[in-house]
Structures are given as C-alpha cells and as structure tokens.
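A.B. asks: Structure file final.tsv (TSV, C-alpha atoms) right here:
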chain	number	residue	atom	x	y	z
A	67	MET	CA	41.64	-40.73	-20.31
A	68	ILE	CA	43.81	-42.86	-22.57
A	69	LYS	CA	45.93	-40.96	-25.05
A	70	LYS	CA	46.16	-42.43	-28.52
A	71	ASP	CA	49.97	-42.26	-28.62
A	72	CYS	CA	50.27	-44.67	-25.72
A	73	ALA	CA	50.45	-47.49	-28.27
A	74	THR	CA	54.15	-46.64	-28.44
A	75	LEU	CA	54.84	-49.28	-25.84
A	76	CYS	CA	58.54	-48.50	-25.41
A	77	ALA	CA	57.58	-45.14	-23.88
A	78	SER	CA	56.27	-46.98	-20.82
A	79	ILE	CA	57.57	-45.94	-17.42
A	80	PHE	CA	58.36	-49.61	-16.83
A	81	ARG	CA	61.09	-51.58	-18.46
A	82	VAL	CA	58.71	-53.95	-20.17
A	83	LEU	CA	59.24	-57.19	-22.00
A	84	ILE	CA	56.88	-57.60	-24.95
A	85	PHE	CA	57.04	-61.12	-26.29
A	86	LEU	CA	57.22	-61.12	-30.09
A	87	LEU	CA	57.79	-64.10	-32.32
A	88	VAL	CA	60.88	-62.80	-34.08
A	89	ARG	CA	62.57	-65.66	-35.92
A	90	SER	CA	64.69	-63.83	-38.50
A	91	GLN	CA	66.78	-60.71	-38.99
A	92	ALA	CA	64.27	-59.44	-41.55
A	93	LYS	CA	61.37	-59.67	-39.10
A	94	GLU	CA	63.47	-58.07	-36.37
A	95	SER	CA	64.17	-55.13	-38.67
A	96	ARG	CA	60.46	-54.75	-39.46
A	97	VAL	CA	59.63	-54.61	-35.75
A	98	LEU	CA	62.18	-51.87	-35.22
A	99	ASP	CA	60.96	-49.99	-38.30
A	100	GLY	CA	57.63	-49.49	-36.55
A	101	ILE	CA	59.24	-47.77	-33.55
A	102	PRO	CA	60.35	-44.11	-33.60
A	103	SER	CA	64.09	-43.92	-34.20
A	104	GLU	CA	64.72	-41.93	-31.02
A	105	GLN	CA	63.21	-44.74	-28.97
A	106	GLN	CA	64.80	-47.74	-30.67
A	107	CYS	CA	67.73	-47.54	-28.27
A	108	ARG	CA	65.31	-48.55	-25.50
A	109	ILE	CA	64.36	-51.77	-27.27
A	110	SER	CA	66.21	-55.06	-27.07
A	111	LEU	CA	65.04	-58.25	-28.76
A	112	VAL	CA	65.55	-61.80	-27.56
A	113	HIS	CA	64.97	-64.51	-30.15
A	114	ILE	CA	62.54	-67.22	-29.06
A	115	ASN	CA	62.57	-69.72	-31.90
A	116	ASP	CA	59.92	-72.07	-30.51
A	117	ILE	CA	57.61	-70.94	-27.70
A	118	THR	CA	56.53	-74.55	-27.17
A	119	THR	CA	59.94	-75.75	-26.01
A	120	ASP	CA	62.39	-72.86	-25.65
A	121	SER	CA	63.23	-71.27	-22.31
A	122	PHE	CA	62.25	-67.69	-21.51
A	123	ASP	CA	64.88	-67.34	-18.75
A	124	GLU	CA	67.09	-64.99	-20.76
A	125	ALA	CA	64.15	-62.95	-21.98
A	126	VAL	CA	62.85	-62.01	-18.52
A	127	GLN	CA	66.15	-60.68	-17.21
A	128	ASP	CA	65.99	-57.22	-15.63
A	129	VAL	CA	62.43	-56.28	-16.57
A	130	ASP	CA	59.70	-54.79	-14.43
A	131	GLY	CA	56.69	-56.00	-16.37
A	132	ILE	CA	55.76	-58.40	-19.15
A	133	ILE	CA	53.18	-58.15	-21.91
A	134	HIS	CA	52.72	-61.59	-23.44
A	135	VAL	CA	50.88	-61.36	-26.77
A	136	ALA	CA	52.26	-64.36	-28.64
A	137	SER	CA	49.87	-67.13	-29.61
A	138	PRO	CA	49.74	-69.21	-32.81
A	139	VAL	CA	47.07	-68.75	-35.45
A	140	GLN	CA	47.62	-71.11	-38.36
A	141	PHE	CA	45.69	-70.67	-41.61
A	142	GLU	CA	46.18	-74.35	-42.43
A	143	ILE	CA	45.83	-76.93	-39.70
A	144	THR	CA	47.51	-80.33	-39.85
A	145	ASP	CA	47.86	-81.22	-36.17
A	146	PRO	CA	45.66	-79.21	-33.72
A	147	GLU	CA	47.78	-80.18	-30.74
A	148	LYS	CA	51.08	-79.25	-32.33
A	149	ASP	CA	49.85	-76.23	-34.29
A	150	PHE	CA	47.62	-74.61	-31.66
A	151	LEU	CA	47.33	-76.19	-28.22
A	152	LEU	CA	50.92	-76.85	-27.17
A	153	PRO	CA	52.40	-73.53	-28.38
A	154	ALA	CA	49.65	-71.54	-26.66
A	155	ILE	CA	49.69	-73.47	-23.38
A	156	ASN	CA	53.41	-74.14	-23.07
A	157	GLY	CA	54.33	-70.68	-24.24
A	158	THR	CA	52.16	-69.07	-21.58
A	159	ILE	CA	53.25	-71.33	-18.74
A	160	GLY	CA	56.87	-70.90	-19.83
A	161	VAL	CA	56.62	-67.14	-19.45
A	162	LEU	CA	55.06	-67.44	-16.00
A	163	GLN	CA	57.59	-70.00	-14.76
A	164	ALA	CA	60.55	-67.95	-15.99
A	165	ALA	CA	59.24	-64.78	-14.33
A	166	HIS	CA	58.49	-66.61	-11.07
A	167	LYS	CA	61.96	-68.17	-11.02
A	168	TYR	CA	63.60	-64.81	-11.74
A	169	ASN	CA	61.69	-63.06	-8.95
A	170	GLN	CA	62.72	-65.66	-6.38
A	171	ASN	CA	66.35	-64.68	-6.94
A	172	HIS	CA	65.97	-60.97	-7.67
A	173	PHE	CA	63.87	-59.43	-4.91
A	174	ASN	CA	60.58	-59.72	-6.77
A	175	LYS	CA	61.63	-57.31	-9.50
A	176	ILE	CA	58.90	-58.31	-11.97
A	177	LYS	CA	55.71	-56.67	-10.71
A	178	ARG	CA	53.10	-57.37	-13.35
A	179	ILE	CA	52.32	-59.68	-16.28
A	180	VAL	CA	49.62	-58.88	-18.81
A	181	ILE	CA	48.53	-61.71	-21.08
A	182	THR	CA	46.47	-61.42	-24.25
A	183	SER	CA	43.69	-63.98	-24.14
A	184	SER	CA	40.57	-63.78	-26.30
A	185	LEU	CA	36.84	-63.31	-26.05
A	186	GLY	CA	36.84	-66.81	-27.52
A	187	ALA	CA	37.98	-68.02	-24.10
A	188	VAL	CA	34.79	-66.52	-22.63
A	189	LEU	CA	32.03	-67.35	-25.11
A	190	ASP	CA	30.21	-70.67	-25.32
A	191	PRO	CA	30.25	-71.58	-29.04
A	192	THR	CA	27.41	-74.06	-28.57
A	193	LYS	CA	25.04	-71.20	-27.66
A	194	GLY	CA	25.42	-69.20	-30.87
A	195	LEU	CA	24.51	-65.50	-30.69
A	196	ARG	CA	22.64	-66.16	-27.42
A	197	PRO	CA	20.25	-63.16	-27.43
A	198	GLY	CA	19.68	-61.58	-24.03
A	199	TYR	CA	22.72	-63.09	-22.32
A	200	CYS	CA	25.51	-60.92	-20.89
A	201	TYR	CA	28.95	-62.50	-20.72
A	202	THR	CA	31.16	-61.46	-17.79
A	203	GLU	CA	34.65	-62.29	-16.60
A	204	LYS	CA	33.19	-65.30	-14.77
A	205	ASP	CA	32.21	-67.03	-18.02
A	206	TRP	CA	34.41	-69.59	-19.73
A	207	CYS	CA	34.35	-71.36	-23.06
A	208	PRO	CA	33.59	-75.04	-22.27
A	209	LEU	CA	36.01	-76.56	-24.82
A	210	THR	CA	38.38	-79.18	-23.40
A	211	TYR	CA	41.87	-80.29	-24.36
A	212	GLU	CA	40.45	-83.49	-25.80
A	213	LYS	CA	37.99	-81.53	-27.94
A	214	GLY	CA	40.79	-79.32	-29.20
A	215	VAL	CA	43.04	-82.25	-30.10
A	216	SER	CA	40.23	-83.96	-32.00
A	217	SER	CA	39.32	-80.85	-34.01
A	218	LYS	CA	40.82	-82.05	-37.28
A	219	ASN	CA	40.23	-79.57	-40.13
A	220	ASP	CA	38.42	-77.26	-37.71
A	221	ARG	CA	40.67	-74.28	-37.16
A	222	THR	CA	38.07	-72.34	-35.18
A	223	THR	CA	37.61	-75.04	-32.54
A	224	ALA	CA	41.36	-75.59	-32.28
A	225	TYR	CA	41.96	-71.87	-31.81
A	226	LEU	CA	39.18	-71.42	-29.24
A	227	ALA	CA	40.42	-74.42	-27.26
A	228	SER	CA	43.99	-73.11	-27.32
A	229	LYS	CA	43.01	-69.65	-26.06
A	230	THR	CA	40.73	-71.09	-23.37
A	231	LEU	CA	43.22	-73.61	-22.05
A	232	SER	CA	46.19	-71.23	-22.22
A	233	GLU	CA	44.27	-68.73	-20.09
A	234	ARG	CA	43.11	-71.38	-17.64
A	235	VAL	CA	46.73	-72.34	-16.94
A	236	VAL	CA	47.35	-68.70	-15.96
A	237	TRP	CA	44.80	-68.77	-13.18
A	238	ASP	CA	45.83	-72.29	-12.13
A	239	PHE	CA	49.44	-71.09	-11.89
A	240	LEU	CA	48.38	-68.10	-9.82
A	241	ASP	CA	46.44	-70.32	-7.43
A	242	LYS	CA	49.12	-72.99	-7.02
A	243	GLU	CA	52.39	-71.04	-7.17
A	244	LYS	CA	51.24	-67.76	-5.59
A	245	PRO	CA	53.87	-65.65	-7.39
A	246	SER	CA	54.89	-62.22	-6.15
A	247	PHE	CA	53.79	-60.55	-9.39
A	248	THR	CA	50.18	-59.84	-10.29
A	249	ILE	CA	48.51	-61.00	-13.48
A	250	ALA	CA	45.89	-59.57	-15.80
A	251	THR	CA	44.38	-61.27	-18.81
A	252	ILE	CA	42.78	-59.28	-21.61
A	253	CYS	CA	39.99	-60.87	-23.64
A	254	PRO	CA	39.37	-58.89	-26.84
A	255	PRO	CA	36.81	-59.68	-29.56
A	256	LEU	CA	37.68	-59.42	-33.27
A	257	VAL	CA	40.81	-57.24	-33.50
A	258	LEU	CA	41.02	-55.13	-36.66
A	259	GLY	CA	43.12	-52.25	-37.87
A	260	PRO	CA	46.19	-51.07	-39.74
A	261	ARG	CA	49.71	-52.38	-39.26
A	262	VAL	CA	52.26	-50.03	-37.71
A	263	ASN	CA	54.50	-50.02	-40.79
A	264	GLY	CA	52.09	-51.33	-43.39
A	265	PHE	CA	51.89	-54.65	-45.22
A	266	GLU	CA	54.81	-55.85	-47.29
A	267	SER	CA	53.27	-59.15	-48.37
A	268	LEU	CA	50.22	-61.34	-47.91
A	269	ASP	CA	52.08	-63.11	-45.11
A	270	ASP	CA	51.84	-59.92	-43.05
A	271	ILE	CA	48.04	-60.12	-42.90
A	272	ASN	CA	46.91	-61.71	-39.66
A	273	ALA	CA	43.81	-63.88	-39.25
A	274	SER	CA	41.40	-61.11	-38.22
A	275	ASN	CA	42.44	-58.63	-40.89
A	276	SER	CA	42.36	-61.41	-43.48
A	277	LEU	CA	38.56	-61.41	-43.12
A	278	ILE	CA	38.49	-57.84	-44.46
A	279	TRP	CA	41.03	-58.67	-47.15
A	280	SER	CA	38.76	-61.48	-48.34
A	281	LEU	CA	35.76	-59.16	-48.23
A	282	ILE	CA	37.33	-56.58	-50.55
A	283	ASN	CA	38.57	-59.26	-52.93
A	284	SER	CA	35.16	-60.74	-53.60
A	285	SER	CA	32.44	-59.16	-55.77
A	286	LYS	CA	29.47	-56.86	-55.42
A	287	ASP	CA	27.07	-59.76	-55.81
A	288	ALA	CA	28.79	-62.08	-53.35
A	289	GLN	CA	27.06	-63.09	-50.15
A	290	ILE	CA	27.90	-61.16	-47.01
A	291	PRO	CA	29.67	-63.51	-44.56
A	292	ASP	CA	27.90	-64.49	-41.37
A	293	THR	CA	28.91	-62.54	-38.28
A	294	VAL	CA	30.04	-64.88	-35.50
A	295	ILE	CA	31.39	-62.34	-33.00
A	296	PRO	CA	29.38	-59.09	-33.26
A	297	PHE	CA	31.99	-56.92	-31.58
A	298	GLN	CA	35.40	-55.57	-32.57
A	299	VAL	CA	38.20	-53.42	-31.25
A	300	ASP	CA	40.84	-51.42	-33.06
A	301	VAL	CA	44.33	-52.85	-32.59
A	302	ARG	CA	45.62	-49.41	-31.59
A	303	ASP	CA	43.10	-49.17	-28.76
A	304	LEU	CA	43.96	-52.68	-27.65
A	305	ALA	CA	47.65	-51.74	-27.48
A	306	CYS	CA	46.76	-48.78	-25.28
A	307	ILE	CA	44.67	-50.98	-23.01
A	308	HIS	CA	47.57	-53.39	-22.52
A	309	VAL	CA	49.84	-50.58	-21.38
A	310	GLU	CA	47.24	-49.04	-19.09
A	311	VAL	CA	46.40	-52.37	-17.48
A	312	LEU	CA	50.10	-52.99	-16.94
A	313	GLU	CA	50.84	-49.62	-15.36
A	314	ARG	CA	47.65	-48.58	-13.57
A	315	PHE	CA	46.22	-51.81	-12.16
A	316	GLY	CA	49.35	-53.47	-10.85
A	317	GLY	CA	47.93	-54.37	-7.45
A	318	THR	CA	45.17	-56.72	-8.56
A	319	ASN	CA	44.72	-59.94	-10.49
A	320	GLN	CA	41.93	-59.37	-12.97
A	321	ARG	CA	40.33	-60.57	-16.18
A	322	PHE	CA	39.30	-57.79	-18.56
A	323	LEU	CA	36.68	-58.27	-21.28
A	324	ILE	CA	37.03	-55.80	-24.14
A	325	ARG	CA	34.51	-54.49	-26.64
A	326	ALA	CA	34.15	-51.35	-28.72
A	327	GLU	CA	31.34	-50.97	-31.23
A	328	THR	CA	28.86	-53.61	-32.26
A	329	SER	CA	29.82	-54.65	-35.77
A	330	SER	CA	28.87	-56.98	-38.59
A	331	PHE	CA	30.18	-57.70	-42.06
A	332	GLN	CA	27.18	-55.84	-43.45
A	333	THR	CA	28.16	-52.77	-41.42
A	334	ILE	CA	31.75	-53.06	-42.62
A	335	SER	CA	30.60	-53.44	-46.23
A	336	ASP	CA	28.43	-50.34	-45.88
A	337	ILE	CA	31.38	-48.38	-44.53
A	338	ILE	CA	33.55	-49.39	-47.49
A	339	HIS	CA	30.91	-48.46	-50.07
A	340	GLU	CA	30.18	-45.09	-48.45
A	341	ASP	CA	33.77	-44.03	-47.74
A	342	PHE	CA	35.00	-41.24	-50.05
A	343	LEU	CA	38.66	-42.21	-49.64
A	344	ILE	CA	38.18	-45.78	-50.81
A	345	PRO	CA	38.30	-46.00	-54.63
A	346	ASP	CA	35.70	-47.63	-56.86
A	347	ASN	CA	37.94	-50.53	-57.86
A	348	ILE	CA	37.79	-51.70	-54.23
A	349	LYS	CA	34.07	-51.06	-53.88
A	350	ASN	CA	33.42	-53.01	-57.07
A	351	LYS	CA	34.90	-56.11	-55.45
A	352	THR	CA	33.16	-55.71	-52.09
A	353	PRO	CA	29.74	-57.32	-51.51
A	354	ILE	CA	26.83	-54.90	-51.24
A	355	GLY	CA	24.47	-57.18	-49.38
A	356	THR	CA	21.46	-55.41	-47.91
A	357	LYS	CA	22.53	-51.89	-47.08
A	358	GLY	CA	21.76	-50.84	-43.50
A	359	GLN	CA	20.54	-54.27	-42.47
A	360	LYS	CA	20.76	-54.65	-38.72
A	361	SER	CA	22.46	-57.59	-37.04
A	362	SER	CA	20.43	-60.35	-35.49
A	363	ASP	CA	19.85	-60.08	-31.75
A	364	HIS	CA	22.91	-61.26	-29.90
A	365	PHE	CA	24.66	-61.49	-26.55
A	366	THR	CA	26.25	-58.52	-24.81
A	367	ILE	CA	29.58	-58.23	-23.02
A	368	ASP	CA	30.23	-56.63	-19.65
A	369	SER	CA	33.32	-54.53	-20.31
A	370	SER	CA	32.55	-52.02	-17.57
A	371	PRO	CA	35.80	-52.52	-15.57
A	372	VAL	CA	37.84	-51.28	-18.54
A	373	GLN	CA	35.34	-48.65	-19.62
A	374	ASN	CA	34.81	-47.19	-16.15
A	375	ASP	CA	38.41	-47.23	-14.99
A	376	LEU	CA	40.19	-46.27	-18.22
A	377	ARG	CA	37.46	-44.09	-19.75
A	378	ILE	CA	38.75	-45.05	-23.16
A	379	GLU	CA	37.38	-43.34	-26.25
A	380	TYR	CA	37.43	-46.11	-28.81
A	381	ILE	CA	38.47	-45.45	-32.39
A	382	PRO	CA	35.26	-45.54	-34.49
A	383	LEU	CA	34.78	-48.63	-36.66
A	384	LYS	CA	34.65	-46.36	-39.73
A	385	LYS	CA	38.16	-45.10	-39.00
A	386	THR	CA	39.44	-48.62	-38.31
A	387	ILE	CA	38.13	-49.97	-41.63
A	388	GLU	CA	39.21	-46.93	-43.62
A	389	ASP	CA	42.79	-47.03	-42.33
A	390	LEU	CA	43.03	-50.78	-42.85
A	391	VAL	CA	41.60	-50.78	-46.38
A	392	LEU	CA	43.87	-47.91	-47.43
A	393	GLN	CA	46.85	-49.99	-46.33
A	394	PHE	CA	45.43	-52.94	-48.27
A	395	ILE	CA	45.28	-50.73	-51.36
A	396	GLU	CA	48.98	-49.97	-50.97
A	397	LEU	CA	49.66	-53.69	-50.65
A	398	LYS	CA	47.64	-54.41	-53.80
A	399	GLU	CA	49.65	-51.83	-55.70
A	400	LYS	CA	52.89	-53.33	-54.44
A	401	LEU	CA	51.86	-56.86	-55.41
A	402	GLU	CA	50.77	-55.69	-58.86
A	403	HIS	CA	54.08	-53.89	-59.38
A	404	GLU	CA	55.97	-57.04	-58.38
A	405	ARG	CA	53.84	-59.11	-60.74
A	406	LEU	CA	54.50	-56.81	-63.69
A	407	THR	CA	58.21	-56.63	-62.91
A	408	HIS	CA	58.38	-60.41	-62.74
A	409	THR	CA	56.71	-60.84	-66.14
A	410	GLU	CA	58.98	-58.38	-67.95
Hey, can you dump this file as structure tokens for me?

C.D. replies:
Amino acid sequence: MIKKDCATLCASIFRVLIFLLVRSQAKESRVLDGIPSEQQCRISLVHINDITTDSFDEAVQDVDGIIHVASPVQFEITDPEKDFLLPAINGTIGVLQAAHKYNQNHFNKIKRIVITSSLGAVLDPTKGLRPGYCYTEKDWCPLTYEKGVSSKNDRTTAYLASKTLSERVVWDFLDKEKPSFTIATICPPLVLGPRVNGFESLDDINASNSLIWSLINSSKDAQIPDTVIPFQVDVRDLACIHVEVLERFGGTNQRFLIRAETSSFQTISDIIHEDFLIPDNIKNKTPIGTKGQKSSDHFTIDSSPVQNDLRIEYIPLKKTIEDLVLQFIELKEKLEHERLTHTE
C-alpha cells in the first residue's frame, strides 16, 4: 500500500530526473525549500529556459528514470500554438529524444520515463457528461492540431488539444523509435491540494487550485460554477502514484487513468461551509448553492489498473479542500499585510 510520505520524490531508489520549469534563482530556492534539508544534497537542478526549443541533453545525464511533469497552462491566451501546443508537444518529444540518444551511448541506463498527461486527453468534450459511459485507457480526446491552433480565446480547447497531442507523440515515438526504456503516461482529472511550501503570491496558484480560490472569493449568493470534470485527485496522492509507477511497473508500457472521489463545486462548497477550521470570513464569501445537491449523472472512469495494483488509499476530498483553503487563508493574510505596509 502506498505510504503518504512517498511524495518526497528525492527519496526514490532511482536517481530520477524530475523536469521542473525553473527559470530563476528565486524559483530554484523555492523548489529546494520544499525538500527536507537532509535530502537537498541529492537534488541537482538543470535550467531549461524554454522547453519548446532548448535541448534536454544535459538534463538526462546519469539518471535512471525520468518524471516529466512540465506542461504550459496560460491564464491568458494570445497564440494557442505558441502558448500551448508547441511547448507541450516539443517539450515532451525533446525529453524522449534526449533520453533515447543518451541510452544509445550509455548501455541503456535510463530504464523508465513517466509522463504526466491529463484526463482531458481521454475525454471527448463534445459528449458532455455522457451518462452511462465508462472511459478507459483506449479512449482519446478527438481534438486535432488544427482545432487547437484555431482555438482563439478558448483556453480550454487549446489546453485539451495540447495534452492530447503531446501524449499521442509519446506513443508514436514508442512505436517508431522502439527505445530501450519503457514509458508510462498518467492521466489525472482535476488536481487539487496544498502547495509543499505554501503560497507566496497569486502567481503561485496553478490553474486547478485557482478554481477554489475564485470560489472562496465570491459571495454566499453567487451561483455555483458548473462541474465539467466530476472527479478529482489530491496532488499528494498524484505525486505518490508517479513514484510508484516509475519504480514498480518498469517492465511495461502503460497508460494509467486516475480518479479519487466524485466531486462537484457544490460538494466543495458544502465542505467549506461545514468545516470547523475554516473561519466565517471565508464562508461568507463562498457560494452556498443548494446544500447536498447531487451531481447530474455522468461518465465513469476505469482506474482499476492503478487501484488494484497500488491499492492506494486516496486522501479524502474534505482533507484536500481543508488543507488548500487554510493555505489560501495564510496567503490572504500575507497579501493584506503587504497592502497595508505599502499604504503606510
């Protein structure tokens, strides 16, 4: 059974390369701040300024496995191809090519590559909630490159196309190049949860968590947002899954669909209003909606390969939301302190 402390990725038995978009000394320091001091000596960072064009040859030197989690999510979209498609596709293929090249000259040292995809690469957005249908690893989002490029002012379509196409190149590479390493892709739903070392600014809030930030900065009378993907997973569980898939399933190429609890914004709102640790000033800005209202009928996801083989005990949604909102409260206090200091 997965242990919750396995999210400390540097404790892996492999020497693993985890691709992080670290473009400044400040961000590098924040990454290291989230790792126990006694383990920081096992971490080395290679700066990749632009995953669309830069080489990964230096980054893959002398590693046994790779976890590739980098993919762009822009809040404002000006050019879908430049902002989403090319970074996702070229970044992924660049990692694979560098690893393949390295193995050809180093006795196949790199054994396994795990790539974070998305449930968005699996679902068909034209089908909506699709009651009664069960998505499996054989399903693919039908969005094309052309559709992604033409998705002006449509961040969702651009993102879904980028995740779909960047995963497709993985399996195309595997089929054509037949590398010595094995590959696994992980397709999670909405990923929520606290940040390892908290939030220092609004820029630290990623796209998924920003949905909860917006929820608690609304009002009691506001409308509950529609639920598009009725499943979620805690980021800490997802980290554990990446490590386990890297270390325990190295002999197979596989696509893993992930899901924890069924969730909706109404469920999340109910959790916030009922949680004793969340103060009233947050509850007073969170929509009430219709307490206890069940979600509309929707599709299911076959996540049995992960569930059966890893026997993971997922963090409850209540715990995920509580931990995240408490960090948001700390961020609010920090921002208010900065505001007051600035006005003095």

A.B. asks: Please measure the separation of CA of Ser370 in chain A and CA of Thr192 in chain A, giving the value in Å to one decimal.

C.D. replies: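 Going from CA of Ser370 in chain A over to CA of Thr192 in chain A covers 25.2 Å.
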
A.B. asks: Could you check the closest approach to Ile252 in chain A for each of A:Glu388, A:Glu404, A:Glu203, A:Asp336 and tell me which residue wins, using only C-alpha atoms?

C.D. replies: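 Under the stated criterion, the closest residue is A:Glu203.
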
A.B. asks: Residues at most 9 Å from Leu226 in chain A, counting only C-alpha atoms, excluding those fewer than 5 positions away in the same chain, as a ChimeraX atom specification?

C.D. replies: /A:184,186-187,191,207,209,214,221,231

A.B. asks: Could you save the residues just selected, with C-alpha atoms, as a PDB file, keeping the file's coordinate frame?

C.D. replies:
ATOM      1  CA  SER A 184      40.570 -63.780 -26.300  1.00  0.00           C
ATOM      2  CA  GLY A 186      36.840 -66.810 -27.520  1.00  0.00           C
ATOM      3  CA  ALA A 187      37.980 -68.020 -24.100  1.00  0.00           C
ATOM      4  CA  PRO A 191      30.250 -71.580 -29.040  1.00  0.00           C
ATOM      5  CA  CYS A 207      34.350 -71.360 -23.060  1.00  0.00           C
ATOM      6  CA  LEU A 209      36.010 -76.560 -24.820  1.00  0.00           C
ATOM      7  CA  GLY A 214      40.790 -79.320 -29.200  1.00  0.00           C
ATOM      8  CA  ARG A 221      40.670 -74.280 -37.160  1.00  0.00           C
ATOM      9  CA  LEU A 231      43.220 -73.610 -22.050  1.00  0.00           C
TER      10      LEU A 231
END

A.B. asks: Quick one: distance from CA of Gly100 in chain A to CA of Phe265 in chain A in Å, one decimal?

C.D. replies: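 One can read the CA of Gly100 in chain A to CA of Phe265 in chain A distance as 11.6 Å.
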
A.B. asks: Compare A:Ile367, A:Ile278, A:Ile176, A:Leu111 by their minimum atom-to-atom distance to Gln393 in chain A, counting only C-alpha atoms, and give me the closest one.

C.D. replies: A:Ile278

A.B. asks: Calculate how many Å separate CA of Asn169 in chain A from CA of Glu233 in chain A, rounding to one decimal.

C.D. replies: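 Answer for the CA of Asn169 in chain A to CA of Glu233 in chain A separation: 21.4 Å.
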
A.B. asks: Identify which of the residues A:Arg325, A:His113, A:Lys229, A:His172 lies closest to Thr210 in chain A, counting only C-alpha atoms when measuring atom-to-atom distances.

C.D. replies: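 Under the stated criterion, the closest residue is A:Lys229.
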
A.B. asks: Write out, as a Markdown table, each residue of range 246-337 of chain A that has an atom at most 9 Å from range 129-143 of chain A, together with the closest pair of atoms and their distance in Å to one decimal, counting all atoms listed in the file, rows going by chain and rising number.

C.D. replies:
| residue | atom | partner | partner_atom | distance |
| --- | --- | --- | --- | --- |
| A:Phe247 | CA | A:Gly131 | CA | 8.8 |
| A:Asn272 | CA | A:Val139 | CA | 8.2 |
| A:Ala273 | CA | A:Val139 | CA | 7.0 |
| A:His308 | CA | A:Ile133 | CA | 7.4 |
| A:Val309 | CA | A:Ile133 | CA | 8.3 |
| A:Leu312 | CA | A:Gly131 | CA | 7.3 |
| A:Glu313 | CA | A:Gly131 | CA | 8.7 |

A.B. asks: Store the residues picked out above, limited to C-alpha atoms, as an mmCIF file, keeping the file's coordinate frame.

C.D. replies:
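File written: part.cif
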data_model
loop_
_atom_site.group_PDB
_atom_site.id
_atom_site.type_symbol
_atom_site.label_atom_id
_atom_site.label_comp_id
_atom_site.auth_asym_id
_atom_site.auth_seq_id
_atom_site.Cartn_x
_atom_site.Cartn_y
_atom_site.Cartn_z
ATOM 1 C CA PHE A 247 53.790 -60.550 -9.390
ATOM 2 C CA ASN A 272 46.910 -61.710 -39.660
ATOM 3 C CA ALA A 273 43.810 -63.880 -39.250
ATOM 4 C CA HIS A 308 47.570 -53.390 -22.520
ATOM 5 C CA VAL A 309 49.840 -50.580 -21.380
ATOM 6 C CA LEU A 312 50.100 -52.990 -16.940
ATOM 7 C CA GLU A 313 50.840 -49.620 -15.360
#

A.B. asks: For Pro371 in chain A, which residue among A:Cys107, A:Val188, A:Val311, A:Leu268 is the nearest when counting all atoms listed in the file?

C.D. replies: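 Comparing A:Cys107, A:Val188, A:Val311, A:Leu268 against Pro371 in chain A, the winner is A:Val311.
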
A.B. asks: Kindly compute an axis-aligned box around the listed atoms of range 373-381 of chain A, allowing 3 Å on each side, and express its centre and edge lengths in Å to one decimal as JSON.

C.D. replies:
{"center_x": 37.5, "center_y": -46.0, "center_z": -23.7, "size_x": 11.4, "size_y": 11.3, "size_z": 23.4}

A.B. asks: Tell me which protein, DNA and RNA residues are within 8 Å of range 291-296 of chain A, counting all atoms listed in the file, leaving out same-chain ones fewer than 5 positions away, and put them as a PyMOL selection string.

C.D. replies: chain A and resi 194-195+255-256+328-331+364

A.B. asks: What would the list of residues within 8 Å of (41.2, -46.7, -21.6) (file frame) look like as a ChimeraX atom specification, if all atoms listed in the file are what count?

C.D. replies: /A:67-68,303,306-307,310,372-373,375-379
